[in-house]
$ cat entry29.cif   # mmCIF, C-alpha atoms and all ligand atoms
data_my_file
loop_
_atom_site.label_atom_id
_atom_site.label_comp_id
_atom_site.auth_asym_id
_atom_site.auth_seq_id
_atom_site.Cartn_x
_atom_site.Cartn_y
_atom_site.Cartn_z
CA VAL R 1 -24.98 25.07 18.04
CA SER R 2 -24.94 21.80 19.97
CA ALA R 3 -22.62 21.22 22.88
CA ALA R 4 -20.77 18.64 20.80
CA MET R 5 -19.95 21.24 18.18
CA SER R 6 -19.03 24.19 20.35
CA GLU R 7 -16.55 22.26 22.46
CA LYS R 8 -13.22 21.09 21.05
CA PRO R 9 -13.73 17.35 20.68
CA TRP R 10 -10.28 16.37 21.88
CA LYS R 11 -10.92 18.06 25.22
CA ARG R 12 -13.39 15.31 26.07
CA TYR R 13 -10.62 12.73 25.75
CA SER R 14 -7.80 14.82 27.11
CA THR R 15 -7.50 12.85 30.31
CA GLY R 16 -7.08 9.59 28.45
CA GLY R 17 -9.77 8.22 30.77
CA GLU R 18 -12.02 6.46 28.27
CA ALA R 19 -9.31 5.10 26.03
CA LYS R 20 -7.16 1.97 26.30
CA GLY R 21 -4.17 3.32 24.43
CA PHE R 22 -3.33 6.56 22.71
CA VAL R 23 -4.59 5.34 19.32
CA ASP R 24 -8.06 5.01 20.87
CA GLU R 25 -7.88 8.65 21.86
CA MET R 26 -6.85 9.68 18.35
CA ARG R 27 -9.65 7.57 16.89
CA LEU R 28 -12.31 9.02 19.20
CA VAL R 29 -11.35 12.55 18.23
CA ALA R 30 -11.29 11.67 14.52
CA MET R 31 -14.72 10.05 14.72
CA THR R 32 -16.33 13.12 16.31
CA LEU R 33 -15.04 15.21 13.40
CA HIS R 34 -16.95 13.15 10.83
CA THR R 35 -20.39 14.33 9.85
CA ARG R 36 -23.38 12.20 10.85
CA GLN R 37 -23.76 11.41 7.15
CA GLN R 38 -20.19 10.08 6.89
CA ALA R 39 -20.04 7.77 9.87
CA GLN R 40 -22.32 6.53 12.63
CA GLU R 41 -20.08 8.02 15.27
CA GLY R 42 -19.90 11.36 13.44
CA GLU R 43 -21.06 14.47 15.29
CA MET R 44 -20.68 17.25 12.76
CA GLU R 45 -23.37 18.72 10.54
CA ALA R 46 -22.80 18.17 6.83
CA LYS R 47 -22.43 21.40 4.85
CA ALA R 48 -20.08 20.88 1.92
CA PRO R 49 -20.87 18.26 -0.78
CA GLU R 50 -18.07 15.90 0.35
CA GLU R 51 -19.61 15.84 3.83
CA GLN R 52 -22.86 14.31 2.55
CA ARG R 53 -23.60 10.60 2.29
CA VAL R 54 -21.23 9.04 -0.24
CA GLU R 55 -24.27 7.50 -1.99
CA GLU R 56 -25.35 11.01 -2.89
CA TRP R 57 -22.02 12.11 -4.32
CA GLU R 58 -21.71 12.89 -7.99
CA PRO R 59 -18.04 12.16 -8.63
CA THR R 60 -16.45 12.74 -12.03
CA LEU R 61 -13.61 10.78 -13.55
CA ASP R 62 -11.59 13.97 -14.09
CA GLY R 63 -12.18 14.85 -10.45
CA TYR R 64 -11.18 11.39 -9.25
CA LEU R 65 -7.92 11.62 -11.21
CA LYS R 66 -7.23 14.98 -9.60
CA PHE R 67 -7.84 13.37 -6.22
CA LEU R 68 -5.46 10.48 -6.94
CA VAL R 69 -2.71 12.83 -8.16
CA ASP R 70 -3.00 15.08 -5.11
CA ILE R 71 -3.28 12.32 -2.55
CA LYS R 72 -0.18 10.77 -4.13
CA VAL R 73 1.77 13.96 -3.45
CA VAL R 74 0.77 13.61 0.21
CA TYR R 75 1.77 9.93 0.46
CA ASP R 76 5.01 10.51 -1.47
CA THR R 77 5.97 13.21 1.00
CA LEU R 78 4.91 11.24 4.06
CA GLU R 79 6.85 8.18 2.91
CA GLN R 80 9.97 10.22 2.08
CA ILE R 81 9.84 11.76 5.56
CA ILE R 82 9.53 8.36 7.23
CA GLU R 83 12.41 7.04 5.13
CA LYS R 84 14.74 9.82 6.39
CA PRO R 85 13.10 11.23 9.51
CA SER R 86 14.24 14.31 11.43
CA PHE R 87 13.05 12.60 14.63
CA PRO R 88 14.34 9.04 15.03
CA SER R 89 11.04 7.76 16.49
CA ASP R 90 9.36 8.36 13.10
CA GLY R 91 11.68 5.69 11.70
CA GLU R 92 9.56 3.14 13.61
CA PHE R 93 7.00 3.57 10.84
CA ARG R 94 9.20 2.42 7.96
CA ASN R 95 7.86 -0.53 5.94
CA THR R 96 4.58 -0.92 7.76
CA GLY R 97 2.90 -2.31 4.65
CA LEU R 98 0.48 0.63 4.66
CA GLU R 99 2.62 2.64 2.17
CA ARG R 100 0.57 3.92 -0.76
CA SER R 101 3.00 5.77 -2.99
CA GLU R 102 3.91 2.88 -5.31
CA LYS R 103 0.32 1.65 -5.50
CA LEU R 104 -0.84 5.07 -6.60
CA ALA R 105 1.95 5.23 -9.18
CA LYS R 106 0.61 1.98 -10.67
CA ASP R 107 -2.94 3.30 -10.79
CA LEU R 108 -1.92 6.52 -12.48
CA LYS R 109 0.19 4.59 -15.00
CA TRP R 110 -2.85 2.46 -15.83
CA PHE R 111 -4.99 5.54 -16.44
CA GLU R 112 -2.26 7.04 -18.63
CA GLU R 113 -1.95 3.86 -20.68
CA LYS R 114 -5.70 3.88 -21.20
CA GLY R 115 -5.35 7.37 -22.64
CA TYR R 116 -6.87 9.33 -19.76
CA GLY R 117 -5.34 12.74 -19.18
CA VAL R 118 -3.57 12.61 -15.82
CA PRO R 119 -3.40 16.17 -14.45
CA GLU R 120 -0.58 17.99 -12.63
CA ALA R 121 -0.79 18.13 -8.83
CA SER R 122 -2.91 21.02 -7.60
CA SER R 123 -2.89 23.23 -4.53
CA PRO R 124 -4.74 21.00 -2.00
CA GLY R 125 -2.16 18.20 -2.28
CA VAL R 126 0.84 20.50 -2.63
CA ALA R 127 -0.23 22.59 0.38
CA TYR R 128 -0.76 19.55 2.61
CA ALA R 129 2.60 18.05 1.59
CA LYS R 130 4.38 21.31 2.40
CA TYR R 131 2.69 21.50 5.79
CA LEU R 132 3.68 17.90 6.60
CA LYS R 133 7.30 18.52 5.66
CA GLN R 134 7.44 21.52 7.98
CA LEU R 135 5.80 19.67 10.87
CA SER R 136 8.08 16.67 10.49
CA GLU R 137 11.08 18.90 11.19
CA LYS R 138 9.77 20.59 14.31
CA ASP R 139 6.68 18.99 15.84
CA PRO R 140 6.77 15.20 16.27
CA GLN R 141 3.43 14.98 18.11
CA ALA R 142 1.50 16.93 15.49
CA PHE R 143 3.23 14.99 12.74
CA ILE R 144 2.13 11.66 14.22
CA CYS R 145 -1.48 12.88 14.28
CA HIS R 146 -1.34 13.42 10.52
CA PHE R 147 0.44 10.13 9.96
CA TYR R 148 -2.33 8.29 11.80
CA ASN R 149 -5.21 10.11 10.14
CA ILE R 150 -3.87 9.91 6.60
CA TYR R 151 -3.24 6.16 6.70
CA PHE R 152 -6.28 5.16 8.72
CA ALA R 153 -8.75 7.41 6.86
CA ASN R 154 -7.85 5.62 3.66
CA THR R 155 -8.48 2.15 5.08
CA ALA R 156 -11.84 3.15 6.64
CA GLY R 157 -13.82 5.84 4.82
CA GLY R 158 -11.47 5.64 1.84
CA ARG R 159 -12.57 2.11 1.03
CA ILE R 160 -16.25 3.01 1.33
CA ILE R 161 -15.68 5.93 -1.03
CA ALA R 162 -13.66 3.76 -3.40
CA LYS R 163 -16.43 1.23 -3.77
CA LYS R 164 -19.18 3.75 -4.43
CA VAL R 165 -17.07 5.86 -6.77
CA ALA R 166 -15.85 2.82 -8.69
CA GLU R 167 -19.47 1.69 -9.19
CA LYS R 168 -20.43 5.10 -10.54
CA ILE R 169 -17.51 5.99 -12.80
CA LEU R 170 -14.94 3.20 -13.05
CA ASP R 171 -17.06 0.23 -14.06
CA SER R 172 -16.33 -1.16 -10.57
CA ARG R 173 -12.59 -1.36 -11.27
CA GLU R 174 -10.67 -1.83 -8.02
CA LEU R 175 -7.65 0.43 -7.79
CA GLU R 176 -4.27 -0.64 -6.38
CA PHE R 177 -4.64 2.25 -3.93
CA TYR R 178 -7.11 0.10 -2.00
CA LYS R 179 -5.13 -3.13 -2.06
CA TRP R 180 -2.63 -4.17 0.58
CA ASP R 181 -0.02 -6.91 0.54
CA GLY R 182 -0.90 -9.04 3.53
CA GLU R 183 -3.82 -9.00 5.94
CA LEU R 184 -4.88 -5.36 6.32
CA SER R 185 -6.29 -5.79 9.84
CA GLN R 186 -2.94 -7.18 11.00
CA LEU R 187 -0.96 -4.38 9.31
CA LEU R 188 -3.20 -1.81 11.00
CA GLN R 189 -2.84 -3.50 14.38
CA ASN R 190 0.96 -3.49 14.08
CA VAL R 191 0.89 0.24 13.39
CA ARG R 192 -1.53 0.87 16.26
CA ASP R 193 0.87 -0.96 18.59
CA LYS R 194 3.81 1.14 17.40
CA LEU R 195 1.85 4.38 17.73
CA ASN R 196 0.81 3.46 21.26
CA LYS R 197 4.43 2.70 22.10
CA VAL R 198 5.77 5.99 20.73
CA ALA R 199 3.08 7.95 22.61
CA GLU R 200 3.90 6.22 25.89
CA ASN R 201 6.86 8.58 26.14
CA TRP R 202 4.71 11.69 25.73
CA SER R 203 3.41 13.92 28.51
CA ARG R 204 -0.34 14.57 28.78
CA GLU R 205 0.32 17.99 27.26
CA GLU R 206 2.10 16.50 24.28
CA LYS R 207 -0.72 14.01 23.79
CA ASN R 208 -3.29 16.79 23.84
CA HIS R 209 -1.23 18.76 21.37
CA CYS R 210 -1.33 15.75 19.05
CA LEU R 211 -5.11 15.29 19.47
CA GLY R 212 -5.70 18.99 18.84
CA GLU R 213 -4.04 18.65 15.45
CA THR R 214 -6.78 16.31 14.18
CA GLU R 215 -8.96 19.18 12.96
CA ILE R 216 -6.14 20.46 10.77
CA SER R 217 -5.66 17.02 9.30
CA PHE R 218 -9.36 16.85 8.47
CA LYS R 219 -9.29 20.30 6.90
CA PHE R 220 -6.40 19.45 4.57
CA TYR R 221 -7.65 15.97 3.73
CA ARG R 222 -11.18 17.18 2.99
CA GLU R 223 -9.88 19.69 0.45
CA ILE R 224 -8.28 16.79 -1.40
CA VAL R 225 -11.37 14.55 -1.16
CA ARG R 226 -13.41 17.44 -2.54
CA LEU R 227 -11.43 17.23 -5.79
CA MET R 228 -13.37 14.04 -6.62
CA LEU R 229 -16.51 16.11 -6.91
CA SER R 230 -14.95 18.84 -9.08
C1 LIG R 301 -13.16 6.03 10.35
C2 LIG R 301 -16.10 7.44 6.80
C3 LIG R 301 -13.30 11.25 5.90
C4 LIG R 301 -10.23 9.76 9.37
C5 LIG R 301 -14.23 6.14 9.51
C6 LIG R 301 -15.39 5.28 9.57
C7 LIG R 301 -16.21 5.66 8.56
C8 LIG R 301 -15.59 6.77 7.88
C9 LIG R 301 -17.55 5.02 8.19
C10 LIG R 301 -15.66 4.20 10.61
C11 LIG R 301 -14.99 2.93 10.31
C12 LIG R 301 -15.24 2.00 11.50
O1 LIG R 301 -16.33 1.43 11.55
O2 LIG R 301 -14.38 1.89 12.36
C13 LIG R 301 -15.56 8.56 6.21
C14 LIG R 301 -16.15 9.23 5.06
C15 LIG R 301 -15.38 10.30 4.81
C16 LIG R 301 -14.30 10.31 5.81
C17 LIG R 301 -17.37 8.78 4.28
C18 LIG R 301 -15.68 11.24 3.69
C19 LIG R 301 -14.93 12.18 3.22
C20 LIG R 301 -12.24 11.21 6.80
C21 LIG R 301 -11.20 12.21 6.90
C22 LIG R 301 -10.33 11.78 7.87
C23 LIG R 301 -10.84 10.52 8.38
C24 LIG R 301 -11.14 13.50 6.09
C25 LIG R 301 -9.07 12.42 8.37
C26 LIG R 301 -8.18 12.97 7.62
C27 LIG R 301 -10.73 8.60 9.89
C28 LIG R 301 -10.08 7.81 10.93
C29 LIG R 301 -10.93 6.74 11.22
C30 LIG R 301 -12.07 6.89 10.35
C31 LIG R 301 -8.76 8.09 11.59
C32 LIG R 301 -10.70 5.61 12.24
C33 LIG R 301 -10.18 4.40 11.52
C34 LIG R 301 -9.91 3.18 12.37
O3 LIG R 301 -10.22 3.16 13.56
O4 LIG R 301 -9.36 2.22 11.84
N1 LIG R 301 -14.39 7.05 8.49
N2 LIG R 301 -14.45 9.23 6.63
N3 LIG R 301 -11.99 10.22 7.71
N4 LIG R 301 -11.92 8.01 9.55
FE1 LIG R 301 -13.19 8.65 8.12
#
$ encode --input "entry29.cif" --output "structure tokens" --more "lines below"
Ligand code: HEM
Amino acid sequence: VSAAMSEKPWKRYSTGGEAKGFVDEMRLVAMTLHTRQQAQEGEMEAKAPEEQRVEEWEPTLDGYLKFLVDIKVVYDTLEQIIEKPSFPSDGEFRNTGLERSEKLAKDLKWFEEKGYGVPEASSPGVAYAKYLKQLSEKDPQAFICHFYNIYFANTAGGRIIAKKVAEKILDSRELEFYKWDGELSQLLQNVRDKLNKVAENWSREEKNHCLGETEISFKFYREIVRLMLS
């Protein structure tokens, strides 16, 4: 076991020393949790199929539909929480332009109209949604960690996956899920600025608590990504 794997990655950033704002800290932790096959900055060893290079994946259309249905449950829940938050600071993240719920609804409608069988939501999506709902009521720092990872994962790795998977099984069709109204880089920067601002009011302990939640976000999200390969 390498030093990088035995140590909790967020501990390396838990002084905030290397990072410019809190989003940088969240990003550094997230990057270490990727496998070397997933991202250049990844530090983990790939074991499960979804941790291998995306080029080597063998996605199925049924699996991809399962993924879309389950990830929609997660975005629906996240966006409902932000609409009526238990903690007022979460309201900062209303109408960021990153919302995915309606886009996914359009994609699933398209598949239905084409006669594809759209499945019911399954346990990976339902379990993550339930966890998010609980966190949103009691743990604002941990909740923000998930908010960041869920939206930013989709714009980074998600788009790489989308391209490869679309080439293999969708005749290169681009889904609405990967389209944003407006300039994506600007939308992301606006959200980074807001996240940095919210975290300015947190103690070092609260920040570390947020960073420590990244592993849980990866665990839940990976279970959903894995559906593509089922
Ligand atoms: C960034 C790939 C899964 C969260 C990235 C980047 C790549 C990547 C290549 C770097 C983008 C850049 O150059 O800045 C992948 C692949 C995955 C995967 C192939 C396969 C399953 C995940 C998961 C999460 C996640 C499960 C968390 C739930 C993030 C975050 C960033 C990132 C937060 C930083 C985005 C940014 O700075 O804008 N990913 N990723 N990724 N990924 Fe992943």
$ residues_near_ligand --input "entry29.cif" --ligand "ligand LIG 301 (chain R)" --cutoff "7 Å" --atoms "all atoms listed in the file" --output "list in words"
Arg27, Ala30, Met31, His34, Gln38, Ala39, Gln40, Glu50, Glu51, Arg53, Val54, Tyr148, Asn149, Ile150, Phe152, Ala153, Thr155, Ala156, Gly157, Gly158, Ile160, Ile161, Ser217, Phe218, Tyr221, Arg222 and Val225 of chain R
$ write_last_selection --input "entry29.cif" --atoms "C-alpha atoms" --output "mmCIF file, in the frame of the given file"
data_model
loop_
_atom_site.group_PDB
_atom_site.id
_atom_site.type_symbol
_atom_site.label_atom_id
_atom_site.label_comp_id
_atom_site.auth_asym_id
_atom_site.auth_seq_id
_atom_site.Cartn_x
_atom_site.Cartn_y
_atom_site.Cartn_z
ATOM 1 C CA ARG R 27 -9.650 7.570 16.890
ATOM 2 C CA ALA R 30 -11.290 11.670 14.520
ATOM 3 C CA MET R 31 -14.720 10.050 14.720
ATOM 4 C CA HIS R 34 -16.950 13.150 10.830
ATOM 5 C CA GLN R 38 -20.190 10.080 6.890
ATOM 6 C CA ALA R 39 -20.040 7.770 9.870
ATOM 7 C CA GLN R 40 -22.320 6.530 12.630
ATOM 8 C CA GLU R 50 -18.070 15.900 0.350
ATOM 9 C CA GLU R 51 -19.610 15.840 3.830
ATOM 10 C CA ARG R 53 -23.600 10.600 2.290
ATOM 11 C CA VAL R 54 -21.230 9.040 -0.240
ATOM 12 C CA TYR R 148 -2.330 8.290 11.800
ATOM 13 C CA ASN R 149 -5.210 10.110 10.140
ATOM 14 C CA ILE R 150 -3.870 9.910 6.600
ATOM 15 C CA PHE R 152 -6.280 5.160 8.720
ATOM 16 C CA ALA R 153 -8.750 7.410 6.860
ATOM 17 C CA THR R 155 -8.480 2.150 5.080
ATOM 18 C CA ALA R 156 -11.840 3.150 6.640
ATOM 19 C CA GLY R 157 -13.820 5.840 4.820
ATOM 20 C CA GLY R 158 -11.470 5.640 1.840
ATOM 21 C CA ILE R 160 -16.250 3.010 1.330
ATOM 22 C CA ILE R 161 -15.680 5.930 -1.030
ATOM 23 C CA SER R 217 -5.660 17.020 9.300
ATOM 24 C CA PHE R 218 -9.360 16.850 8.470
ATOM 25 C CA TYR R 221 -7.650 15.970 3.730
ATOM 26 C CA ARG R 222 -11.180 17.180 2.990
ATOM 27 C CA VAL R 225 -11.370 14.550 -1.160
#
$ closest_residue --input "entry29.cif" --among "R:Phe22, R:Tyr128, R:Tyr151, R:Phe67" --to "Ala199 (chain R)" --atoms "only C-alpha atoms"
R:Phe22
$ residues_around --input "entry29.cif" --residues "Glu200 (chain R)" --least-positions-apart "6" --cutoff "10 Å" --atoms "only C-alpha atoms" --output "compact mmCIF listing (two decimals) with C-alpha atoms, keeping the file's coordinate frame"
# COMPACT_ATOMS: atom_id res chain seq x y z
CA GLY R 21 -4.17 3.32 24.43
CA PHE R 22 -3.33 6.56 22.71
CA LYS R 194 3.81 1.14 17.40
CA LYS R 207 -0.72 14.01 23.79
$ atom_distance --input "entry29.cif" --atom1 "CA of Glu99 (chain R)" --atom2 "CA of Glu55 (chain R)"
27.6 Å
$ atom_distance --input "entry29.cif" --atom1 "CA of Thr214 (chain R)" --atom2 "CA of Cys145 (chain R)"
6.3 Å
$ atom_distance --input "entry29.cif" --atom1 "CA of Glu137 (chain R)" --atom2 "CA of Ser86 (chain R)"
5.6 Å
